[in-house]
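Note: the block below is run_16.cif and it holds mmCIF, C-alpha atoms.
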data_query
loop_
_atom_site.group_PDB
_atom_site.id
_atom_site.type_symbol
_atom_site.label_atom_id
_atom_site.label_comp_id
_atom_site.auth_asym_id
_atom_site.auth_seq_id
_atom_site.Cartn_x
_atom_site.Cartn_y
_atom_site.Cartn_z
ATOM 1 C CA MET Z 1 74.713 94.253 100.746
ATOM 2 C CA SER Z 2 73.667 90.825 99.540
ATOM 3 C CA GLU Z 3 75.501 87.644 100.494
ATOM 4 C CA ARG Z 4 76.920 87.474 96.969
ATOM 5 C CA SER Z 5 78.121 91.064 97.181
ATOM 6 C CA ALA Z 6 79.656 90.462 100.626
ATOM 7 C CA LEU Z 7 81.424 87.357 99.335
ATOM 8 C CA ARG Z 8 82.729 89.278 96.323
ATOM 9 C CA SER Z 9 83.979 92.033 98.627
ATOM 10 C CA ARG Z 10 85.784 89.524 100.852
ATOM 11 C CA LEU Z 11 87.328 87.786 97.828
ATOM 12 C CA GLU Z 12 88.527 91.120 96.435
ATOM 13 C CA ALA Z 13 90.110 91.997 99.789
ATOM 14 C CA LEU Z 14 91.771 88.571 99.975
ATOM 15 C CA THR Z 15 93.028 88.962 96.394
ATOM 16 C CA ARG Z 16 94.568 92.354 97.240
ATOM 17 C CA GLU Z 17 96.187 90.831 100.317
ATOM 18 C CA VAL Z 18 97.575 87.862 98.348
ATOM 19 C CA VAL Z 19 98.965 90.187 95.650
ATOM 20 C CA LYS Z 20 100.666 92.417 98.237
ATOM 21 C CA PHE Z 21 101.945 89.392 100.162
ATOM 22 C CA GLY Z 22 103.246 87.969 96.873
ATOM 23 C CA ALA Z 23 104.985 91.207 95.922
ATOM 24 C CA VAL Z 24 106.821 91.377 99.248
ATOM 25 C CA GLY Z 25 107.467 87.638 99.164
ATOM 26 C CA GLY Z 26 108.745 87.859 95.589
ATOM 27 C CA ALA Z 27 111.244 90.518 96.614
ATOM 28 C CA GLY Z 28 112.196 88.288 99.542
ATOM 29 C CA VAL Z 29 112.768 85.347 97.188
ATOM 30 C CA VAL Z 30 115.122 87.482 95.091
ATOM 31 C CA VAL Z 31 117.027 88.513 98.239
ATOM 32 C CA ASN Z 32 117.015 84.911 99.469
ATOM 33 C CA PHE Z 33 118.429 83.464 96.235
ATOM 34 C CA ALA Z 34 120.948 86.290 95.774
ATOM 35 C CA VAL Z 35 122.354 85.845 99.283
ATOM 36 C CA PHE Z 36 122.227 82.038 99.018
ATOM 37 C CA ASN Z 37 124.135 81.900 95.746
ATOM 38 C CA LEU Z 38 126.630 84.583 96.785
ATOM 39 C CA VAL Z 39 127.414 82.754 100.022
ATOM 40 C CA ARG Z 40 127.613 79.402 98.202
ATOM 41 C CA HIS Z 41 129.963 80.651 95.487
ATOM 42 C CA LEU Z 42 132.117 83.094 97.450
ATOM 43 C CA THR Z 43 132.653 81.072 100.643
ATOM 44 C CA GLU Z 44 133.114 77.508 101.794
ATOM 45 C CA VAL Z 45 129.919 77.577 103.882
ATOM 46 C CA PRO Z 46 127.952 74.307 103.419
ATOM 47 C CA VAL Z 47 124.763 74.466 101.355
ATOM 48 C CA VAL Z 48 122.177 74.280 104.153
ATOM 49 C CA ARG Z 49 124.016 76.800 106.323
ATOM 50 C CA ALA Z 50 124.243 79.153 103.333
ATOM 51 C CA SER Z 51 120.509 78.696 102.838
ATOM 52 C CA ILE Z 52 119.771 79.452 106.492
ATOM 53 C CA ILE Z 53 121.829 82.658 106.293
ATOM 54 C CA ALA Z 54 119.911 83.668 103.152
ATOM 55 C CA THR Z 55 116.564 82.851 104.755
ATOM 56 C CA VAL Z 56 117.366 84.970 107.817
ATOM 57 C CA VAL Z 57 118.385 87.962 105.658
ATOM 58 C CA ALA Z 58 115.230 87.606 103.520
ATOM 59 C CA THR Z 59 113.067 87.286 106.641
ATOM 60 C CA GLY Z 60 114.362 90.620 107.902
ATOM 61 C CA THR Z 61 113.593 92.398 104.652
ATOM 62 C CA ASN Z 62 110.192 90.700 104.437
ATOM 63 C CA TYR Z 63 109.139 91.881 107.900
ATOM 64 C CA ILE Z 64 109.635 95.471 106.808
ATOM 65 C CA GLY Z 65 107.617 94.863 103.638
ATOM 66 C CA TYR Z 66 104.791 93.057 105.387
ATOM 67 C CA ARG Z 67 104.493 95.561 108.240
ATOM 68 C CA TYR Z 68 104.687 98.730 106.125
ATOM 69 C CA PHE Z 69 103.091 97.566 102.849
ATOM 70 C CA THR Z 70 101.027 94.379 102.978
ATOM 71 C CA TYR Z 71 99.613 94.749 106.485
ATOM 72 C CA ARG Z 72 100.043 98.475 107.115
ATOM 73 C CA ASP Z 73 96.339 98.781 107.967
ATOM 74 C CA ARG Z 74 96.470 96.087 110.634
ATOM 75 C CA ASP Z 75 96.754 96.438 114.398
ATOM 76 C CA LYS Z 76 99.999 98.133 115.462
ATOM 77 C CA GLN Z 77 99.386 98.047 119.226
ATOM 78 C CA GLY Z 78 101.563 95.141 120.349
ATOM 79 C CA ARG Z 79 104.731 95.451 118.270
ATOM 80 C CA THR Z 80 106.800 93.287 120.637
ATOM 81 C CA LYS Z 81 104.226 90.494 120.484
ATOM 82 C CA GLU Z 82 103.907 90.954 116.716
ATOM 83 C CA LEU Z 83 107.661 90.702 116.169
ATOM 84 C CA THR Z 84 107.948 87.723 118.528
ATOM 85 C CA LEU Z 85 105.197 85.843 116.678
ATOM 86 C CA PHE Z 86 106.675 86.857 113.313
ATOM 87 C CA LEU Z 87 110.066 85.446 114.320
ATOM 88 C CA LEU Z 88 108.487 82.284 115.749
ATOM 89 C CA PHE Z 89 106.482 81.538 112.597
ATOM 90 C CA SER Z 90 109.415 82.584 110.412
ATOM 91 C CA ALA Z 91 111.566 80.044 112.259
ATOM 92 C CA VAL Z 92 109.015 77.327 111.473
ATOM 93 C CA GLY Z 93 109.084 78.477 107.831
ATOM 94 C CA LEU Z 94 112.889 78.358 107.937
ATOM 95 C CA VAL Z 95 112.745 74.735 109.122
ATOM 96 C CA ILE Z 96 110.263 73.813 106.365
ATOM 97 C CA GLU Z 97 112.300 75.581 103.674
ATOM 98 C CA ASN Z 98 115.713 74.341 104.738
ATOM 99 C CA GLY Z 99 114.530 70.936 105.946
ATOM 100 C CA LEU Z 100 113.542 70.068 102.398
ATOM 101 C CA LEU Z 101 116.924 71.254 101.119
ATOM 102 C CA TYR Z 102 118.671 69.251 103.848
ATOM 103 C CA ILE Z 103 116.801 66.041 102.939
ATOM 104 C CA ALA Z 104 117.520 66.506 99.222
ATOM 105 C CA THR Z 105 121.194 67.347 99.794
ATOM 106 C CA TYR Z 106 122.160 64.907 102.521
ATOM 107 C CA GLY Z 107 119.430 62.264 102.237
ATOM 108 C CA PHE Z 108 119.382 61.844 98.461
ATOM 109 C CA HIS Z 109 122.791 63.401 97.632
ATOM 110 C CA TRP Z 110 121.235 65.831 95.179
ATOM 111 C CA ASP Z 111 123.942 68.437 95.600
ATOM 112 C CA THR Z 112 124.554 70.204 92.312
ATOM 113 C CA PRO Z 113 123.975 73.973 92.177
ATOM 114 C CA LEU Z 114 120.874 73.399 90.014
ATOM 115 C CA GLN Z 115 119.477 70.806 92.439
ATOM 116 C CA ASN Z 116 120.275 73.042 95.430
ATOM 117 C CA ASN Z 117 118.395 75.947 93.858
ATOM 118 C CA PHE Z 118 115.484 73.741 92.793
ATOM 119 C CA PHE Z 119 114.951 72.291 96.279
ATOM 120 C CA LYS Z 120 115.479 75.679 97.889
ATOM 121 C CA PHE Z 121 112.784 77.079 95.576
ATOM 122 C CA LEU Z 122 110.442 74.188 96.404
ATOM 123 C CA GLY Z 123 111.097 74.682 100.121
ATOM 124 C CA ILE Z 124 110.384 78.408 99.829
ATOM 125 C CA GLY Z 125 107.069 77.583 98.135
ATOM 126 C CA LEU Z 126 105.956 75.207 100.887
ATOM 127 C CA ALA Z 127 107.138 77.555 103.627
ATOM 128 C CA THR Z 128 105.322 80.470 101.955
ATOM 129 C CA LEU Z 129 101.968 78.696 102.254
ATOM 130 C CA PHE Z 130 102.578 78.218 105.968
ATOM 131 C CA ARG Z 131 103.831 81.780 106.421
ATOM 132 C CA PHE Z 132 100.849 83.330 104.622
ATOM 133 C CA TRP Z 133 98.413 81.470 106.854
ATOM 134 C CA SER Z 134 100.309 82.120 110.089
ATOM 135 C CA TYR Z 135 101.159 85.773 109.450
ATOM 136 C CA ARG Z 136 97.623 86.761 108.534
ATOM 137 C CA THR Z 137 96.062 84.651 111.299
ATOM 138 C CA TRP Z 138 98.404 85.311 114.220
ATOM 139 C CA VAL Z 139 100.938 88.058 113.490
ATOM 140 C CA PHE Z 140 99.276 90.852 111.510
ATOM 141 C CA ARG Z 141 95.791 90.597 112.959
ATOM 142 C CA THR Z 142 92.830 92.531 111.668
ATOM 143 C CA LEU Z 143 91.712 95.339 113.911
ATOM 144 C CA PRO Z 144 88.622 94.270 115.857
ATOM 145 C CA ALA Z 145 86.975 97.639 115.206
ATOM 146 C CA ARG Z 146 87.407 97.162 111.445
ATOM 147 C CA GLU Z 147 85.489 93.887 111.635
ATOM 148 C CA ALA Z 148 82.731 95.547 113.624
ATOM 149 C CA ILE Z 149 82.522 98.432 111.166
ATOM 150 C CA GLU Z 150 82.437 96.050 108.200
ATOM 151 C CA THR Z 151 79.664 94.036 109.857
ATOM 152 C CA ALA Z 152 77.682 97.189 110.612
ATOM 153 C CA GLU Z 153 78.174 98.524 107.093
ATOM 154 C CA SER Z 154 77.096 95.175 105.683
ATOM 155 C CA PHE Z 155 73.985 95.227 107.870
ATOM 156 C CA LEU Z 156 73.128 98.777 106.835
ATOM 157 C CA ALA Z 157 73.812 98.036 103.180
ATOM 158 C CA ASP Z 158 71.527 94.983 103.331
ATOM 159 C CA GLY Z 159 68.680 97.252 104.333
ATOM 160 C CA ALA Z 160 69.407 99.728 101.543
ATOM 161 C CA ASP Z 161 69.737 97.053 98.846
ATOM 162 C CA GLU Z 162 66.635 95.148 99.806
ATOM 163 C CA PRO Z 163 63.840 97.479 100.915
ATOM 164 C CA HIS Z 164 61.431 94.604 101.565
ATOM 165 C CA ARG Z 165 63.701 93.443 104.405
ATOM 166 C CA THR Z 166 63.816 96.745 106.271
ATOM 167 C CA PRO Z 167 61.366 96.966 109.137
ATOM 168 C CA HIS Z 168 58.440 99.259 108.696
ATOM 169 C CA VAL Z 169 58.802 102.317 110.881
ATOM 170 C CA ARG Z 170 55.677 104.207 111.865
ATOM 171 C CA ARG Z 171 55.983 107.905 111.875
ATOM 172 C CA PRO Z 172 53.883 109.870 114.321
ATOM 173 C CA ALA Z 173 51.018 111.771 112.807
ATOM 174 C CA SER Z 174 51.692 115.442 112.524
ATOM 175 C CA ARG Z 175 49.706 117.764 114.780
ATOM 176 C CA LYS Z 176 48.122 120.828 113.310
#
Conversion result in structure tokens:
Amino acid sequence: MSERSALRSRLEALTREVVKFGAVGGAGVVVNFAVFNLVRHLTEVPVVRASIIATVVATGTNYIGYRYFTYRDRDKQGRTKELTLFLLFSAVGLVIENGLLYIATYGFHWDTPLQNNFFKFLGIGLATLFRFWSYRTWVFRTLPAREAIETAESFLADGADEPHRTPHVRRPASRK
């Protein structure tokens, strides 16, 4: 496999991962906004608290989607560690998402329903970038064996694609 082919393969795998992550995340955004707006309009819960409740509910549904859809092929050995890291990085994402809403609402007094939803959406976007990086790097880790297999397959494919690079092997003369 040439360097260009290996790069293309890695980009295709990353694209598939981003699409799956986006599909789960998109469903999470729908859950997040539905819960946020229901809590805001049906209760007296303040805006940032309503947003935190919505984020927690969406985080729970997202874990299921990420574990069983986006990253189903990843290491499943240390579920306790995985869930702990997921919750830790999700909490950081929650602070990013709701911190922006807090600043807009209480710092700038942008507190209309449209402004609340806009800054919640913006916060979700920023938090999503952090979550994508942290989940794929720390939570849903690639199996070490998969990396070794991919490296070996790449090495073997390089030899098949480029015969001038394969070492010359002498065959013993046949005895008659």
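Proximity of Z:Leu100, Z:Lys20, Z:Phe86, Z:Ala91 to Z:Arg72, computed with all atoms listed in the file, is greatest for Z:Lys20.
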### Query
atom CA of Z:Ser2 to atom CA of Z:Val18: how many Å, to one decimal?
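Here the two named atoms are 24.1 Å from each other.
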### Message
Using the chain letters and numbers from this file, what does the PyMOL selection byres ((chain Z and resi 28-31) around 8) select? Give the answer as a list of chain:residue names.
### Response
Z:Val24, Z:Gly25, Z:Gly26, Z:Ala27, Z:Asn32, Z:Phe33, Z:Ala34, Z:Val35, Z:Ala54, Z:Val57, Z:Ala58, Z:Thr59, Z:Thr61, Z:Asn62, Z:Ile124
## Note on the structure
In terms of all atoms listed in the file, the residue from Z:Thr137, Z:Gln77, Z:Asn116, Z:Thr70 at minimal distance from Z:Leu101 is Z:Asn116
### Query
Between atom CA of Z:Val139 and atom CA of Z:Ala6, what is the distance, to one decimal in Å?
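Atom-to-atom, atom CA of Z:Val139 to atom CA of Z:Ala6, that is 25.0 Å.
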### Message
Would you compute the distance between atom CA of Z:Phe118 and atom CA of Z:Ile103? Give it in Å to one decimal.
### Response
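Atom-to-atom, atom CA of Z:Phe118 and atom CA of Z:Ile103 are spaced 12.8 Å apart.
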### Option closest in space to Z:Thr105, from Z:Leu129, Z:Gly93, Z:Arg8, Z:Val48 [counting only C-alpha atoms]
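Answer, going by the shortest atom-to-atom distance: Z:Val48.
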#### Entry: Pick from Z:Leu114, Z:Leu38, Z:Leu126, Z:Phe69, whichever lies nearest to Z:Ala50 using all atoms listed in the file
Z:Leu38
### Task
For each of Z:Val39, Z:Gly107, Z:Asn98, Z:Asp75, take the minimum atom-to-atom distance to Z:Lys120, counting all atoms listed in the file, then give the residue where this is smallest.
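Using all atoms listed in the file, Z:Lys120 sits closest to Z:Asn98.
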### Task
Give me the residues within 10 Å of Z:Arg49 as a list in words, counting all atoms listed in the file and dropping any in the same chain fewer than 3 places off.
Phe36, Val39, Arg40, Val45, Pro46, Ile52, Ile53, Ala54, Thr55, Asn98 and Tyr102 of chain Z
### Query
What does the PyMOL selection byres ((chain Z and resi 71) around 9) select in this file, as a list in words?
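This file gives the following for the PyMOL selection byres ((chain Z and resi 71) around 9): Glu17, Lys20, Phe21, Gly65, Tyr66, Arg67, Tyr68, Phe69, Thr70, Arg72, Asp73, Arg74, Asp75, Arg136, Phe140, Arg141 and Thr142 of chain Z.
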Could I see stretch 85-120 of chain Z restored to N, CA and C atoms, set down as a CSV table (one decimal), keeping the file's coordinate frame?
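Saved result, part-v7.csv, follows:
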chain,number,residue,atom,x,y,z
Z,85,LEU,N,105.9,86.8,117.5
Z,85,LEU,CA,105.2,85.8,116.7
Z,85,LEU,C,105.7,85.7,115.3
Z,86,PHE,N,106.1,86.9,114.7
Z,86,PHE,CA,106.7,86.9,113.3
Z,86,PHE,C,107.9,86.0,113.3
Z,87,LEU,N,108.8,86.2,114.3
Z,87,LEU,CA,110.1,85.4,114.3
Z,87,LEU,C,109.8,84.0,114.6
Z,88,LEU,N,108.8,83.7,115.5
Z,88,LEU,CA,108.5,82.3,115.7
Z,88,LEU,C,108.0,81.6,114.5
Z,89,PHE,N,107.0,82.2,113.8
Z,89,PHE,CA,106.5,81.5,112.6
Z,89,PHE,C,107.5,81.5,111.4
Z,90,SER,N,108.3,82.6,111.4
Z,90,SER,CA,109.4,82.6,110.4
Z,90,SER,C,110.4,81.5,110.7
Z,91,ALA,N,110.7,81.2,111.9
Z,91,ALA,CA,111.6,80.0,112.3
Z,91,ALA,C,111.0,78.7,111.8
Z,92,VAL,N,109.7,78.5,112.0
Z,92,VAL,CA,109.0,77.3,111.5
Z,92,VAL,C,109.1,77.3,110.0
Z,93,GLY,N,108.9,78.4,109.3
Z,93,GLY,CA,109.1,78.5,107.8
Z,93,GLY,C,110.5,78.2,107.4
Z,94,LEU,N,111.5,78.6,108.2
Z,94,LEU,CA,112.9,78.4,107.9
Z,94,LEU,C,113.2,76.9,108.0
Z,95,VAL,N,112.6,76.2,109.0
Z,95,VAL,CA,112.7,74.7,109.1
Z,95,VAL,C,112.1,74.0,107.9
Z,96,ILE,N,110.9,74.4,107.5
Z,96,ILE,CA,110.3,73.8,106.4
Z,96,ILE,C,111.1,74.0,105.1
Z,97,GLU,N,111.5,75.2,104.9
Z,97,GLU,CA,112.3,75.6,103.7
Z,97,GLU,C,113.6,74.8,103.6
Z,98,ASN,N,114.4,74.9,104.7
Z,98,ASN,CA,115.7,74.3,104.7
Z,98,ASN,C,115.7,72.9,105.1
Z,99,GLY,N,114.7,72.4,105.7
Z,99,GLY,CA,114.5,70.9,105.9
Z,99,GLY,C,114.4,70.2,104.6
Z,100,LEU,N,113.7,70.7,103.7
Z,100,LEU,CA,113.5,70.1,102.4
Z,100,LEU,C,114.9,70.1,101.7
Z,101,LEU,N,115.6,71.2,101.7
Z,101,LEU,CA,116.9,71.3,101.1
Z,101,LEU,C,117.9,70.3,101.8
Z,102,TYR,N,117.8,70.2,103.1
Z,102,TYR,CA,118.7,69.3,103.8
Z,102,TYR,C,118.4,67.8,103.4
Z,103,ILE,N,117.2,67.4,103.3
Z,103,ILE,CA,116.8,66.0,102.9
Z,103,ILE,C,117.3,65.8,101.5
Z,104,ALA,N,117.1,66.7,100.6
Z,104,ALA,CA,117.5,66.5,99.2
Z,104,ALA,C,119.0,66.4,99.1
Z,105,THR,N,119.7,67.3,99.9
Z,105,THR,CA,121.2,67.3,99.8
Z,105,THR,C,121.9,66.2,100.5
Z,106,TYR,N,121.5,65.9,101.7
Z,106,TYR,CA,122.2,64.9,102.5
Z,106,TYR,C,121.5,63.6,102.5
Z,107,GLY,N,120.2,63.5,102.3
Z,107,GLY,CA,119.4,62.3,102.2
Z,107,GLY,C,119.5,61.6,100.9
Z,108,PHE,N,119.4,62.4,99.8
Z,108,PHE,CA,119.4,61.8,98.5
Z,108,PHE,C,120.6,62.2,97.7
Z,109,HIS,N,121.5,63.0,98.3
Z,109,HIS,CA,122.8,63.4,97.6
Z,109,HIS,C,122.6,64.2,96.3
Z,110,TRP,N,121.5,64.9,96.3
Z,110,TRP,CA,121.2,65.8,95.2
Z,110,TRP,C,121.9,67.2,95.5
Z,111,ASP,N,123.1,67.3,95.1
Z,111,ASP,CA,123.9,68.4,95.6
Z,111,ASP,C,124.6,69.3,94.5
Z,112,THR,N,124.0,69.3,93.3
Z,112,THR,CA,124.6,70.2,92.3
Z,112,THR,C,124.0,71.6,92.5
Z,113,PRO,N,124.6,72.6,92.0
Z,113,PRO,CA,124.0,74.0,92.2
Z,113,PRO,C,122.5,74.0,91.7
Z,114,LEU,N,122.2,73.4,90.5
Z,114,LEU,CA,120.9,73.4,90.0
Z,114,LEU,C,119.9,72.7,91.0
Z,115,GLN,N,120.3,71.5,91.5
Z,115,GLN,CA,119.5,70.8,92.4
Z,115,GLN,C,119.3,71.6,93.7
Z,116,ASN,N,120.4,72.2,94.2
Z,116,ASN,CA,120.3,73.0,95.4
Z,116,ASN,C,119.2,74.1,95.2
Z,117,ASN,N,119.3,74.8,94.1
Z,117,ASN,CA,118.4,75.9,93.9
Z,117,ASN,C,117.0,75.4,93.7
Z,118,PHE,N,116.8,74.3,93.0
Z,118,PHE,CA,115.5,73.7,92.8
Z,118,PHE,C,114.8,73.4,94.1
Z,119,PHE,N,115.5,72.7,95.0
Z,119,PHE,CA,115.0,72.3,96.3
Z,119,PHE,C,114.8,73.5,97.2
Z,120,LYS,N,115.7,74.5,97.1
Z,120,LYS,CA,115.5,75.7,97.9
Z,120,LYS,C,114.2,76.4,97.4
